[in-house]
Each structure stands twice: as structure tokens, then as C-alpha cells.
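Source file: data-v2.cif; contents: mmCIF, C-alpha atoms (C1' of nucleotides).
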data_input
loop_
_atom_site.label_atom_id
_atom_site.label_comp_id
_atom_site.auth_asym_id
_atom_site.auth_seq_id
_atom_site.Cartn_x
_atom_site.Cartn_y
_atom_site.Cartn_z
CA MET A 1066 25.16 -36.92 41.51
CA ALA A 1067 21.85 -35.73 42.84
CA ARG A 1068 20.03 -33.30 40.62
CA LYS A 1069 17.05 -31.30 41.54
CA ALA A 1070 13.91 -32.42 39.81
CA LYS A 1071 13.41 -30.40 36.69
CA GLY A 1072 10.53 -27.94 36.77
CA LYS A 1073 8.07 -27.90 33.94
CA ILE A 1074 6.55 -24.94 32.26
CA ILE A 1075 3.91 -24.89 29.56
CA VAL A 1076 3.91 -21.97 27.15
CA ILE A 1077 1.00 -21.15 24.87
CA VAL A 1078 1.50 -18.67 22.08
CA GLY A 1079 -0.56 -17.64 19.06
CA PRO A 1080 -2.12 -14.66 17.40
CA ASN A 1081 -4.88 -12.44 18.63
CA ALA A 1082 -8.26 -14.20 18.88
CA SER A 1083 -6.88 -17.68 18.36
CA GLY A 1084 -8.33 -18.93 21.64
CA LYS A 1085 -5.24 -19.05 23.84
CA SER A 1086 -7.04 -18.12 27.04
CA ASP A 1087 -9.58 -20.91 26.70
CA LEU A 1088 -6.92 -23.44 25.92
CA ALA A 1089 -4.80 -22.29 28.85
CA LEU A 1090 -7.75 -22.68 31.18
CA LYS A 1091 -8.39 -26.23 30.00
CA ILE A 1092 -4.78 -27.19 30.39
CA ALA A 1093 -4.53 -25.53 33.77
CA LYS A 1094 -7.41 -27.65 35.00
CA LYS A 1095 -5.79 -30.75 33.61
CA VAL A 1096 -2.28 -30.30 34.96
CA ASN A 1097 -3.06 -28.31 38.10
CA GLY A 1098 -1.57 -25.13 36.76
CA GLU A 1099 -1.61 -21.41 37.27
CA ILE A 1100 -1.62 -18.97 34.42
CA ILE A 1101 0.91 -16.22 33.82
CA SER A 1102 -0.28 -13.75 31.21
CA ALA A 1103 2.30 -12.53 28.72
CA ASP A 1104 0.32 -9.74 27.18
CA SER A 1105 1.77 -6.26 26.96
CA ARG A 1106 -1.61 -4.57 27.20
CA GLN A 1107 -3.46 -6.76 29.69
CA VAL A 1108 -0.99 -5.77 32.37
CA TYR A 1109 -2.74 -2.41 32.55
CA ARG A 1110 -5.65 -1.75 34.85
CA GLY A 1111 -8.81 -0.50 33.18
CA MET A 1112 -7.91 -1.97 29.82
CA ASP A 1113 -10.27 -4.92 29.82
CA ILE A 1114 -12.70 -5.10 26.94
CA GLY A 1115 -10.30 -3.81 24.30
CA THR A 1116 -7.63 -6.28 25.33
CA GLY A 1117 -9.95 -9.23 25.55
CA LYS A 1118 -9.00 -9.74 29.17
CA ILE A 1119 -10.50 -12.75 30.90
CA THR A 1120 -13.02 -11.91 33.61
CA ARG A 1121 -12.83 -13.17 37.17
CA LYS A 1122 -15.83 -15.37 36.55
CA GLU A 1123 -14.34 -16.89 33.42
CA MET A 1124 -11.19 -17.86 35.32
CA LEU A 1125 -13.13 -20.67 36.99
CA GLY A 1126 -10.96 -20.46 40.04
CA VAL A 1127 -7.68 -20.87 38.19
CA PRO A 1128 -5.21 -18.23 39.40
CA HIS A 1129 -4.14 -15.74 36.73
CA HIS A 1130 -1.04 -13.62 37.18
CA LEU A 1131 0.32 -10.39 35.71
CA LEU A 1132 -3.06 -8.97 34.82
CA ASP A 1133 -3.94 -5.49 36.10
CA ILE A 1134 -0.55 -4.95 37.70
CA ALA A 1135 0.27 -1.53 36.25
CA SER A 1136 -1.35 1.83 35.70
CA PRO A 1137 -1.93 2.69 32.04
CA LYS A 1138 -0.31 6.01 32.85
CA SER A 1139 3.02 4.38 33.60
CA ASP A 1140 5.22 2.09 31.56
CA PHE A 1141 5.50 -1.60 32.04
CA ASN A 1142 8.09 -3.05 29.69
CA VAL A 1143 9.86 -6.30 28.86
CA SER A 1144 12.27 -5.91 31.67
CA HIS A 1145 9.52 -5.55 34.25
CA PHE A 1146 7.72 -8.43 32.68
CA LYS A 1147 10.69 -10.75 32.70
CA LYS A 1148 11.44 -10.15 36.35
CA SER A 1149 7.82 -10.37 37.46
CA ALA A 1150 7.19 -13.52 35.50
CA GLN A 1151 10.31 -15.22 36.84
CA LYS A 1152 9.17 -14.44 40.34
CA LYS A 1153 5.75 -15.90 39.63
CA ILE A 1154 7.28 -19.02 38.15
CA VAL A 1155 9.25 -19.64 41.32
CA GLU A 1156 6.22 -19.05 43.52
CA ILE A 1157 3.93 -21.26 41.51
CA THR A 1158 6.45 -24.07 41.43
CA LYS A 1159 6.89 -23.84 45.18
CA ARG A 1160 3.16 -24.40 45.52
CA GLY A 1161 3.62 -27.61 43.60
CA LYS A 1162 1.73 -26.28 40.60
CA VAL A 1163 2.61 -25.87 36.94
CA PRO A 1164 3.25 -22.40 35.52
CA ILE A 1165 1.45 -21.84 32.23
CA ILE A 1166 2.62 -18.83 30.27
CA VAL A 1167 0.01 -17.53 27.86
CA GLY A 1168 0.14 -14.58 25.57
CA GLY A 1169 0.64 -13.00 22.23
CA THR A 1170 3.54 -10.69 22.94
CA GLY A 1171 6.30 -12.69 21.32
CA PHE A 1172 9.11 -10.41 22.37
CA TRP A 1173 8.18 -10.68 26.03
CA ILE A 1174 7.70 -14.41 25.94
CA ASP A 1175 11.02 -15.09 24.26
CA ALA A 1176 12.87 -12.74 26.56
CA LEU A 1177 11.49 -14.82 29.41
CA ILE A 1178 11.68 -18.39 28.21
CA TYR A 1179 14.97 -18.07 26.31
CA ASP A 1180 16.42 -15.83 28.97
CA TRP A 1181 17.40 -13.10 26.54
CA PRO A 1182 19.85 -10.72 28.13
CA ILE A 1183 17.99 -7.43 28.17
CA PRO A 1184 20.63 -4.74 28.72
CA GLU A 1185 20.40 -3.32 32.24
CA VAL A 1186 19.75 0.15 30.95
CA GLY A 1187 16.43 1.75 31.76
CA PRO A 1188 14.72 4.34 29.64
CA ASN A 1189 16.28 7.80 29.76
CA ARG A 1190 13.46 10.14 28.89
CA ALA A 1191 15.54 13.25 28.60
CA LEU A 1192 17.99 11.59 26.26
CA ARG A 1193 15.19 10.09 24.18
CA ALA A 1194 13.48 13.42 23.82
CA ARG A 1195 16.71 14.98 22.67
CA LEU A 1196 17.52 12.23 20.18
CA GLU A 1197 13.96 12.20 18.89
CA LYS A 1198 14.64 15.54 17.22
CA LEU A 1199 17.34 14.08 15.01
CA THR A 1200 16.68 12.30 11.74
CA ALA A 1201 17.18 8.57 11.38
CA MET A 1202 20.24 9.25 9.28
CA GLN A 1203 21.81 11.44 11.91
CA LEU A 1204 21.07 8.88 14.59
CA PHE A 1205 22.59 6.13 12.54
CA ALA A 1206 25.73 8.17 11.91
CA ARG A 1207 26.11 8.71 15.63
CA LEU A 1208 25.60 5.06 16.38
CA GLN A 1209 28.18 4.02 13.85
CA LYS A 1210 30.79 6.07 15.62
CA ILE A 1211 30.42 4.25 18.91
CA ASP A 1212 28.91 0.92 18.01
CA THR A 1213 30.45 -0.94 15.15
CA GLY A 1214 28.88 -4.33 15.78
CA HIS A 1215 25.21 -3.91 16.44
CA ALA A 1216 24.96 -0.76 14.34
CA LYS A 1217 25.43 -2.83 11.23
CA ASN A 1218 22.34 -4.91 11.86
CA ILE A 1219 19.98 -2.34 13.19
CA ASP A 1220 17.41 -0.93 10.81
CA HIS A 1221 18.77 2.41 9.57
CA HIS A 1222 15.28 3.85 9.36
CA ASN A 1223 13.91 2.74 12.68
CA LYS A 1224 14.40 5.71 14.96
CA ARG A 1225 13.08 3.92 17.98
CA ARG A 1226 15.67 1.18 17.71
CA LEU A 1227 18.47 3.59 16.91
CA ILE A 1228 17.63 5.71 19.91
CA ARG A 1229 17.57 2.70 22.17
CA ALA A 1230 20.95 1.54 20.90
CA LEU A 1231 22.36 5.00 21.54
CA GLU A 1232 20.77 5.01 24.96
CA ILE A 1233 22.52 1.79 25.87
CA ALA A 1234 25.82 2.98 24.51
CA ALA A 1235 25.52 6.29 26.34
CA THR A 1236 24.93 4.61 29.68
CA THR A 1237 27.21 1.61 29.52
CA GLY A 1238 29.88 3.15 27.35
CA LYS A 1239 29.75 -0.09 25.41
CA PRO A 1240 27.95 -1.13 22.25
CA VAL A 1241 24.95 -3.41 22.34
CA PRO A 1242 26.19 -7.01 22.49
CA GLU A 1243 25.22 -9.06 19.48
CA PHE A 1244 23.44 -12.36 19.52
CA ASN A 1245 22.63 -14.50 16.55
CA PHE A 1246 19.75 -16.73 15.61
CA ALA A 1247 21.16 -19.90 17.14
CA TYR A 1248 21.54 -18.02 20.36
CA LYS A 1249 18.03 -16.70 20.20
CA TYR A 1250 16.34 -20.07 20.32
CA ASN A 1251 18.91 -22.66 21.22
CA HIS A 1252 21.39 -21.40 23.74
CA VAL A 1253 19.30 -22.58 26.62
CA ASN A 1254 18.37 -25.77 24.89
CA LYS A 1255 14.77 -25.41 25.89
CA GLN A 1256 15.67 -25.24 29.53
CA HIS A 1257 17.41 -22.97 31.92
CA GLU A 1258 17.51 -21.88 35.48
CA ILE A 1259 15.13 -19.49 37.16
CA GLY A 1260 15.73 -18.84 40.83
CA GLY A 1261 18.17 -21.73 41.15
CA GLN A 1262 15.74 -24.23 39.70
CA GLU A 1263 16.13 -25.81 36.30
CA TYR A 1264 13.13 -25.74 34.00
CA GLY A 1265 12.07 -27.40 30.81
CA PHE A 1266 9.61 -25.73 28.49
CA LEU A 1267 6.90 -27.09 26.26
CA VAL A 1268 5.92 -24.42 23.80
CA LEU A 1269 2.56 -24.80 22.08
CA GLY A 1270 1.52 -22.57 19.19
CA LEU A 1271 -2.16 -22.18 18.44
CA LYS A 1272 -2.78 -21.68 14.76
CA LEU A 1273 -6.20 -21.47 13.13
CA PRO A 1274 -6.98 -21.44 9.43
CA GLN A 1275 -6.69 -17.86 8.18
CA LYS A 1276 -10.38 -17.56 7.31
CA GLU A 1277 -11.52 -18.71 10.69
CA LEU A 1278 -9.14 -16.42 12.52
CA VAL A 1279 -10.30 -13.40 10.53
CA ARG A 1280 -13.90 -14.27 11.24
CA LYS A 1281 -13.23 -14.53 14.95
CA ILE A 1282 -11.38 -11.24 14.97
CA HIS A 1283 -14.34 -9.57 13.33
CA SER A 1284 -17.08 -10.97 15.50
CA ARG A 1285 -15.03 -10.32 18.61
CA LEU A 1286 -14.60 -6.69 17.70
CA LEU A 1287 -18.31 -6.23 17.06
CA LYS A 1288 -19.09 -7.84 20.36
CA TRP A 1289 -16.70 -5.57 22.20
CA LEU A 1290 -18.19 -2.50 20.57
CA LYS A 1291 -21.58 -3.60 21.83
CA THR A 1292 -20.36 -4.27 25.33
CA GLY A 1293 -18.76 -0.93 26.04
CA MET A 1294 -15.35 -0.82 24.43
CA LEU A 1295 -15.68 2.86 23.62
CA LYS A 1296 -17.01 3.62 27.08
CA GLU A 1297 -13.93 1.98 28.48
CA ILE A 1298 -11.64 4.15 26.37
CA LYS A 1299 -13.58 7.26 27.34
CA LYS A 1300 -13.21 6.31 30.98
CA LEU A 1301 -9.47 5.81 30.60
CA HIS A 1302 -9.16 9.24 29.06
CA ARG A 1303 -11.24 10.85 31.78
CA SER A 1304 -9.02 9.25 34.38
CA GLY A 1305 -6.03 11.02 32.91
CA VAL A 1306 -4.70 8.77 30.15
CA SER A 1307 -3.88 11.12 27.28
CA TRP A 1308 -5.13 10.65 23.73
CA LYS A 1309 -1.51 10.32 22.72
CA ARG A 1310 -0.93 7.54 25.20
CA LEU A 1311 -4.11 5.76 24.12
CA ASP A 1312 -2.96 6.06 20.53
CA SER A 1313 0.33 4.44 21.40
CA PHE A 1314 -1.47 1.39 22.77
CA GLY A 1315 -2.56 0.65 19.22
CA LEU A 1316 -5.49 -1.28 17.76
CA GLU A 1317 -8.78 -0.77 19.61
CA TYR A 1318 -7.35 1.97 21.79
CA ARG A 1319 -5.70 3.81 18.92
CA TYR A 1320 -8.67 3.95 16.57
CA GLY A 1321 -11.24 4.09 19.35
CA SER A 1322 -9.65 7.19 20.77
CA ARG A 1323 -9.21 8.75 17.33
CA TYR A 1324 -12.95 8.34 16.87
CA LEU A 1325 -13.71 9.71 20.32
CA HIS A 1326 -11.90 12.94 19.67
CA ASN A 1327 -13.35 13.25 16.19
CA LEU A 1328 -10.36 12.45 14.03
CA ILE A 1329 -12.27 9.73 12.18
CA SER A 1330 -15.89 8.65 11.72
CA TYR A 1331 -17.46 5.68 13.43
CA ASP A 1332 -17.35 3.56 10.30
CA GLU A 1333 -13.74 4.45 9.67
CA MET A 1334 -12.94 3.52 13.22
CA VAL A 1335 -14.51 0.08 12.93
CA ASP A 1336 -12.89 -0.55 9.58
CA GLN A 1337 -9.43 0.62 10.56
CA THR A 1338 -9.48 -1.25 13.83
CA TYR A 1339 -10.49 -4.46 12.12
CA ARG A 1340 -7.72 -4.08 9.56
CA ALA A 1341 -5.13 -3.21 12.17
CA ILE A 1342 -5.97 -6.28 14.24
CA ARG A 1343 -5.60 -8.50 11.20
CA LYS A 1344 -2.24 -6.99 10.41
CA TYR A 1345 -1.20 -7.40 13.99
CA ALA A 1346 -2.15 -11.07 13.95
CA LYS A 1347 0.02 -11.38 10.86
CA ARG A 1348 2.96 -9.73 12.61
CA GLN A 1349 2.53 -12.05 15.55
CA MET A 1350 2.71 -15.06 13.26
CA THR A 1351 5.78 -13.66 11.57
CA TRP A 1352 7.46 -13.59 14.94
CA PHE A 1353 6.37 -17.04 16.07
CA LYS A 1354 7.06 -18.72 12.74
CA ARG A 1355 10.80 -18.36 13.09
CA ASN A 1356 10.88 -20.20 16.37
CA PRO A 1357 11.65 -23.83 15.48
CA GLN A 1358 10.74 -25.07 18.92
CA ILE A 1359 7.04 -24.31 18.80
CA HIS A 1360 4.73 -27.30 18.53
CA TRP A 1361 1.94 -26.06 16.31
CA ILE A 1362 -1.57 -27.21 17.09
CA LYS A 1363 -4.99 -26.45 15.68
CA ASN A 1364 -7.22 -27.19 18.63
CA GLN A 1365 -7.49 -28.30 22.23
CA ASN A 1366 -7.48 -31.99 21.44
CA GLU A 1367 -4.14 -31.75 19.71
CA ALA A 1368 -2.85 -29.86 22.71
CA THR A 1369 -3.86 -32.48 25.23
CA GLY A 1370 -2.48 -35.22 23.00
CA LEU A 1371 0.86 -33.49 22.88
CA LEU A 1372 0.85 -32.92 26.61
CA LYS A 1373 0.42 -36.62 27.25
CA LYS A 1374 3.26 -37.44 24.94
CA LEU A 1375 5.78 -34.78 25.81
CA PHE A 1376 4.99 -33.49 29.22
"C1'" G B 1257 -30.39 23.12 -26.02
"C1'" G B 1258 -25.74 26.33 -24.62
"C1'" G B 1259 -21.08 26.59 -21.64
"C1'" G B 1260 -17.36 24.29 -18.52
"C1'" G B 1261 -15.09 20.04 -16.30
"C1'" U B 1262 -13.74 14.97 -15.94
"C1'" G B 1263 -12.63 9.55 -17.10
"C1'" U B 1264 -5.24 6.86 -14.89
"C1'" A B 1265 -3.47 0.21 -11.96
"C1'" C B 1266 -7.67 -3.10 -6.17
"C1'" U B 1267 -9.23 2.19 -4.24
"C1'" C B 1268 -8.14 7.42 -3.91
"C1'" A B 1269 -4.94 10.41 -6.63
"C1'" A B 1270 -0.44 12.92 -9.42
"C1'" G B 1271 1.44 13.21 -14.30
"C1'" C B 1272 -0.44 16.76 -19.38
"C1'" A B 1273 4.55 14.91 -25.58
"C1'" G B 1274 10.39 11.64 -24.71
"C1'" U B 1275 14.01 10.41 -18.34
"C1'" C B 1276 6.31 6.49 -17.50
"C1'" A B 1277 4.59 0.15 -16.15
"C1'" A B 1278 3.35 5.53 -14.66
"C1'" C B 1279 4.79 10.29 -8.02
"C1'" G B 1280 2.08 9.82 -3.47
"C1'" A B 1281 -1.56 7.68 -0.05
"C1'" G B 1282 -4.65 3.66 1.33
"C1'" G B 1283 -5.36 -1.49 0.78
"C1'" G B 1284 -2.96 -6.35 -0.16
"C1'" C B 1285 1.43 -9.63 0.31
"C1'" A B 1286 6.12 -10.77 2.56
"C1'" G B 1287 9.81 -9.59 6.24
"C1'" A B 1288 12.61 -7.39 10.63
"C1'" C B 1289 12.50 -7.07 15.87
"C1'" U B 1290 18.45 -7.11 22.30
"C1'" G B 1291 13.88 -2.15 28.44
"C1'" U B 1292 8.02 1.88 24.05
"C1'" A B 1293 6.78 -4.64 20.98
"C1'" A B 1294 -1.23 -4.17 20.05
"C1'" A B 1295 4.54 -0.29 19.43
"C1'" U B 1296 8.29 0.74 15.74
"C1'" C B 1297 10.51 -0.26 11.03
"C1'" U B 1298 11.66 -2.54 5.87
"C1'" G B 1299 10.70 -4.64 0.91
"C1'" C B 1300 7.27 -5.97 -3.02
"C1'" U B 1301 2.53 -4.88 -5.37
"C1'" G B 1302 0.17 -5.01 -14.60
"C1'" G B 1303 1.51 -9.98 -17.08
"C1'" C B 1304 5.51 -13.30 -18.57
"C1'" C B 1305 10.10 -15.40 -18.14
"C1'" U B 1306 16.20 -16.87 -18.93
"C1'" U B 1307 14.59 -11.38 -13.02
"C1'" G B 1308 17.08 -8.04 -17.31
"C1'" U B 1309 19.73 -0.83 -19.31
"C1'" G B 1310 14.37 -8.14 -21.15
"C1'" C B 1311 9.60 -9.10 -23.81
"C1'" C B 1312 4.32 -8.15 -23.94
"C1'" U B 1313 -0.22 -5.56 -22.58
"C1'" A B 1314 -1.72 -0.98 -20.51
"C1'" C B 1315 -3.84 5.62 -18.47
"C1'" G B 1316 -12.79 5.43 -20.95
"C1'" U B 1317 -13.57 3.52 -26.60
"C1'" A B 1318 -12.21 4.13 -31.84
"C1'" G B 1319 -9.32 6.67 -35.12
"C1'" G B 1320 -5.53 10.50 -36.29
"C1'" U B 1321 -0.96 13.86 -36.00
"C1'" G B 1322 4.27 13.23 -34.37
"C1'" C B 1323 10.74 9.91 -34.85
"C1'" A B 1324 8.05 9.49 -30.12
"C1'" A B 1325 1.43 10.16 -26.89
"C1'" A B 1326 -1.36 8.73 -20.38
"C1'" U B 1327 0.03 13.57 -22.24
"C1'" C B 1328 -1.93 16.96 -28.80
"C1'" C B 1329 -6.39 16.54 -32.51
"C1'" U B 1330 -11.32 14.30 -34.02
"C1'" A B 1331 -15.52 11.35 -33.07
"C1'" C B 1332 -18.08 8.41 -29.72
"C1'" C B 1333 -19.44 6.55 -24.66
"C1'" G B 1334 -19.90 7.54 -19.19
"C1'" C B 1335 -19.93 10.85 -14.97
"C1'" C B 1336 -20.06 16.00 -12.70
"C1'" C B 1337 -21.17 21.34 -12.52
"C1'" C B 1338 -23.30 25.99 -14.37
"C1'" C B 1339 -26.78 28.64 -17.66
"C1'" A B 1340 -31.46 27.72 -20.21
#
Re-express the file's structure as C-alpha cells.
Amino acid sequence: MARKAKGKIIVIVGPNASGKSDLALKIAKKVNGEIISADSRQVYRGMDIGTGKITRKEMLGVPHHLLDIASPKSDFNVSHFKKSAQKKIVEITKRGKVPIIVGGTGFWIDALIYDWPIPEVGPNRALRARLEKLTAMQLFARLQKIDTGHAKNIDHHNKRRLIRALEIAATTGKPVPEFNFAYKYNHVNKQHEIGGQEYGFLVLGLKLPQKELVRKIHSRLLKWLKTGMLKEIKKLHRSGVSWKRLDSFGLEYRYGSRYLHNLISYDEMVDQTYRAIRKYAKRQMTWFKRNPQIHWIKNQNEATGLLKKLF
RNA sequence: GGGGGUGUACUCAAGCAGUCAACGAGGGCAGACUGUAAAUCUGCUGGCCUUGUGCCUACGUAGGUGCAAAUCCUACCGCCCCCA
């Protein structure tokens, strides 16, 4: 029985400032690849310095996808990402090149490479605004009435999640389908179809010693502050991105904008941003740690060694 | 020199006799995560262990009064403010 040749995809994950972009570039050169960014903030135009976005020059001719594809005034969410990335994977493969997915947004990456079924229910702003007025307890009570399965597992205090669950139930008339841990990482057995083609994934996790990571986070932040991070945020605001929206982007954009409209001092801004990035890196690791399929590496050499062996 | 205030866990800060190993916030540590995911949310945070209506050590220091004190009294030490 003739089978189509299996496509190969390299995935590079890791926390903020761990050096994913550099590693991806090296690997891309080596395997003739193109890079697909999986970063929930780098998709936005005008958010460059604060997101650590690679510059055109730094790309060294390697194509990078899914950068600067959305306006910071509009939403670009997992669902958009999954569809766009799948399309890019097909295109890149057709060109005879290797897709390399690189990013720190664990949720997006897993939705893509493990083909998580994101419910086909888009955001309903009116409904969200209405539900937002209720307390978490009230939301949970409502959810329990219509959704007996998922409601049990959802965090009773997390309004955002409760509202989303209610949103899905309201539109589909059905509760949110449950999936367990085994499903999360094993149901596709490291490979599945995208656009009729079967793919296998090699997932690399970049992990630096804690001290080194923290040092890199710090020096990177100082460098960005020197090279116009605040100017960038000011520009975004002038172009119509609200302080509230900037706040919701988190990290540099959150504390930078709080400083720019005088909620906090400059020193507080630097300090709080630095702390927030460290916490974020921690949260990223918490996410990645539970994935048993990640091959953890400390540097580029280990990566190339693994590639030779497994790819 | 006279008068007033204040000293609480890593930090800020409540408590002002019993229900206090001590509210709350920050920080730290750990975790969750099904169309906002750099977001959102949860737990723990004096020590010890047999993890318990358990033991020990603790609210500037030293004494004292109470059955009982972070809480009251005395002295001392440090800091702050006002008058001289």
C-alpha cells in the first residue's frame, strides 16, 4: 500500500529570552527550513521591541511567517493562529522546505501540533459584556445548570474561563466536550494530518539554568528600554491603541503604558516589568513541563545532535 | 530640656487582653489552562515532625500584672514629629 511520504516539522519551545529565535535560525539554515512564529504578541504590527521580534536583517534571508499579520487594535486568537499556521505548513512543505514552529505561547503551539479541537464558537462580545457583570459564583451556578461535565473541572473563580464555557454552551446548546491528559499529548501520537498530508513532529524545548535565564531577561529589558521600547508604546497609543488594550498585552506593554500615563514611576515600571517577565517565564515552563514529548536541550549543539539522531 | 507618636514575619501594613503563628497587600515558591493565553485563575509562604482541634519559637529588649498579653504596667534601646 503506497503511503505518502511523511512530512516533518520541527517545533522549538521555551521560555522568554531563552534564545529560541537564534536556535531556529541556525536550524533553518541547516535543514532548509522556514520559520513559523507561534507568539501571541509578535503577530501584531508595531509591537516589535517589547516583544523581542526579530528584525528583517537578523532573519538572514530565512522566511519568517505569522509576524506582523494583525492590527493591535483587533484580536488574533488561537483559532486564527491554528488555521493560519496550518496553511503555512502546507505551503512550506509544498516548496520542499521544512516548517519550523518557534514560540513561547504554549497554548497556541499545542492547539496546533496536537490538533486540539477548539470549539467553533467565536467570541460574542455582547454576551461577554453581559456575563462580565456577574460574580464568579453566579457564573459557575449558571454553568452547572447546563454543563455538567466540563463545569466540574473548570476553575470556579476564573471568570474568563467560566464566561467562555457559557459562551460555547449558549451558541452550541451543548456543553464543552471534555478531553483528558492522555488526549492532550498522545491522541495524535506525535503525528497527524494537515491538509491531507501526514506529519511527524520533533519538539525541542530550550531550557537554560535559572540564573542565566534571569540574567538574560534583565539585560534584554535594559537594552530595550535604551532602544526605544517606551517610544514604541507611546506610538501605539497615539495610533489609537487604548491604554486598556496595552495593559491587556501584559509585561512590557502593561507596565510601560502604566508609566506613560503616570500610574507608576519609572523605577517602579522597570522593577515590575522585570518581575512580571520572570513570572511569565515560570508560567511558560509550568506549561511545557507537563508535555512528556518535549526533548529538552540546553544549547544549540544539543539541538543539532538530536536532529541528526531523530530527524 | 518639655510634649506627642512609633517599633509586628522577606517588605509594607492591620490587630490593641482570650476565637493570633497573627487580617490585607507586595514579594517568593508551586500549580491550573478546550477562540482574550505576555492574558486569566488557584494553593502555600516562622521552625519541626508522626501534617495534627500536634509540639516549639515568635509581634524592639528586659522585667512585671493577669487563669490568659502582640495587646496592660515599668525601665531601657531605636526611629519620627512638635515646642524650647
Dump as a PyMOL selection string the residues of chain A that approach chain B to within 10 Å, counting only C-alpha atoms (C1' of nucleotides).
-> chain A and resi 1081+1104-1106+1116+1140-1146+1169-1173+1176+1181-1188+1215+1219-1226+1229-1230+1233+1241-1244+1249+1312-1319+1340-1342+1345-1346+1348-1349+1351-1352
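If all atoms listed in the file are the atoms counted, then among A:Ala1089, A:Leu1231, A:Met1124, A:Leu1311 the closest residue to Arg1207 in chain A is A:Leu1231.
Taking CA of Glu1099 in chain A as the reference point, CA of Leu1271 in chain A is found at 18.9 Å.
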Which residues fall under the PyMOL selection byres ((chain B and resi 1271) around 12) in this file, as a ChimeraX atom specification?
-> /B:1264,1269-1270,1272-1273,1276,1278-1280,1315,1326-1327
Which polymer residues have any atom within 12 Å of an atom of C1336 in chain B, counting all atoms listed in the file, with same-chain residues fewer than 5 positions away left out, as a ChimeraX atom specification?
-> /B:1260-1263
Could you tell me which residues the PyMOL selection byres ((chain B and resi 1301) around 8) grabs in this file, written as an MDAnalysis selection string?
-> chainID B and resid 1284:1285 1300
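If only C-alpha atoms are the atoms counted, then among A:Ala1235, A:Ile1114, A:Val1163, A:Leu1131 the closest residue to Ala1093 in chain A is A:Val1163.
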Which residues match the PyMOL selection byres ((chain B and resi 1257) around 12) in the file above, as number ranges by chain?
-> B: 1258-1259, 1339-1340
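Reported to one decimal place, the separation of CA of Pro1080 in chain A from CA of Ile1165 in chain A is 16.9 Å.
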Write out as a PDB file with C-alpha atoms, keeping the file's coordinate frame each polymer residue whose atoms come within 8 Å of Asp1133 in chain A, counting all atoms listed in the file; drop sequence neighbours fewer than 4 positions from it.
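The result, stored in out-v8.pdb:
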ATOM      1  CA  GLN A1107      -3.460  -6.760  29.690  1.00  0.00           C
ATOM      2  CA  VAL A1108      -0.990  -5.770  32.370  1.00  0.00           C
ATOM      3  CA  TYR A1109      -2.740  -2.410  32.550  1.00  0.00           C
ATOM      4  CA  ARG A1110      -5.650  -1.750  34.850  1.00  0.00           C
ATOM      5  CA  GLY A1111      -8.810  -0.500  33.180  1.00  0.00           C
TER       6      GLY A1111
END
As a short mmCIF file (atom, residue, chain, number, x, y, z; two decimals), in the coordinates of the input, please: range 1237-1253 of chain A completed to N, CA and C atoms.
data_model
loop_
_atom_site.label_atom_id
_atom_site.label_comp_id
_atom_site.auth_asym_id
_atom_site.auth_seq_id
_atom_site.Cartn_x
_atom_site.Cartn_y
_atom_site.Cartn_z
N THR A 1237 26.23 2.63 29.18
CA THR A 1237 27.21 1.61 29.52
C THR A 1237 28.59 1.95 28.96
N GLY A 1238 28.62 2.85 28.00
CA GLY A 1238 29.88 3.15 27.35
C GLY A 1238 30.30 2.04 26.40
N LYS A 1239 29.43 1.04 26.28
CA LYS A 1239 29.75 -0.09 25.41
C LYS A 1239 28.65 -0.31 24.38
N PRO A 1240 28.99 -0.85 23.24
CA PRO A 1240 27.95 -1.13 22.25
C PRO A 1240 27.02 -2.24 22.71
N VAL A 1241 25.92 -2.36 22.03
CA VAL A 1241 24.95 -3.41 22.34
C VAL A 1241 25.55 -4.76 21.93
N PRO A 1242 25.61 -5.71 22.86
CA PRO A 1242 26.19 -7.01 22.49
C PRO A 1242 25.32 -7.71 21.46
N GLU A 1243 25.95 -8.38 20.55
CA GLU A 1243 25.22 -9.06 19.48
C GLU A 1243 24.84 -10.47 19.88
N PHE A 1244 23.68 -10.92 19.46
CA PHE A 1244 23.44 -12.36 19.52
C PHE A 1244 22.73 -12.84 18.27
N ASN A 1245 23.11 -14.01 17.84
CA ASN A 1245 22.63 -14.50 16.55
C ASN A 1245 21.41 -15.42 16.70
N PHE A 1246 20.96 -15.92 15.61
CA PHE A 1246 19.75 -16.73 15.61
C PHE A 1246 19.85 -17.97 16.50
N ALA A 1247 20.97 -18.67 16.36
CA ALA A 1247 21.16 -19.90 17.14
C ALA A 1247 21.04 -19.57 18.63
N TYR A 1248 21.61 -18.45 18.97
CA TYR A 1248 21.54 -18.02 20.36
C TYR A 1248 20.10 -17.75 20.77
N LYS A 1249 19.39 -17.10 19.88
CA LYS A 1249 18.03 -16.70 20.20
C LYS A 1249 17.15 -17.85 20.68
N TYR A 1250 17.26 -18.98 19.97
CA TYR A 1250 16.34 -20.07 20.32
C TYR A 1250 16.99 -21.33 20.86
N ASN A 1251 18.31 -21.40 20.81
CA ASN A 1251 18.91 -22.66 21.22
C ASN A 1251 19.88 -22.61 22.38
N HIS A 1252 20.32 -21.43 22.74
CA HIS A 1252 21.39 -21.40 23.74
C HIS A 1252 20.99 -22.00 25.06
N VAL A 1253 19.72 -21.99 25.36
CA VAL A 1253 19.30 -22.58 26.62
C VAL A 1253 18.81 -24.01 26.42
#
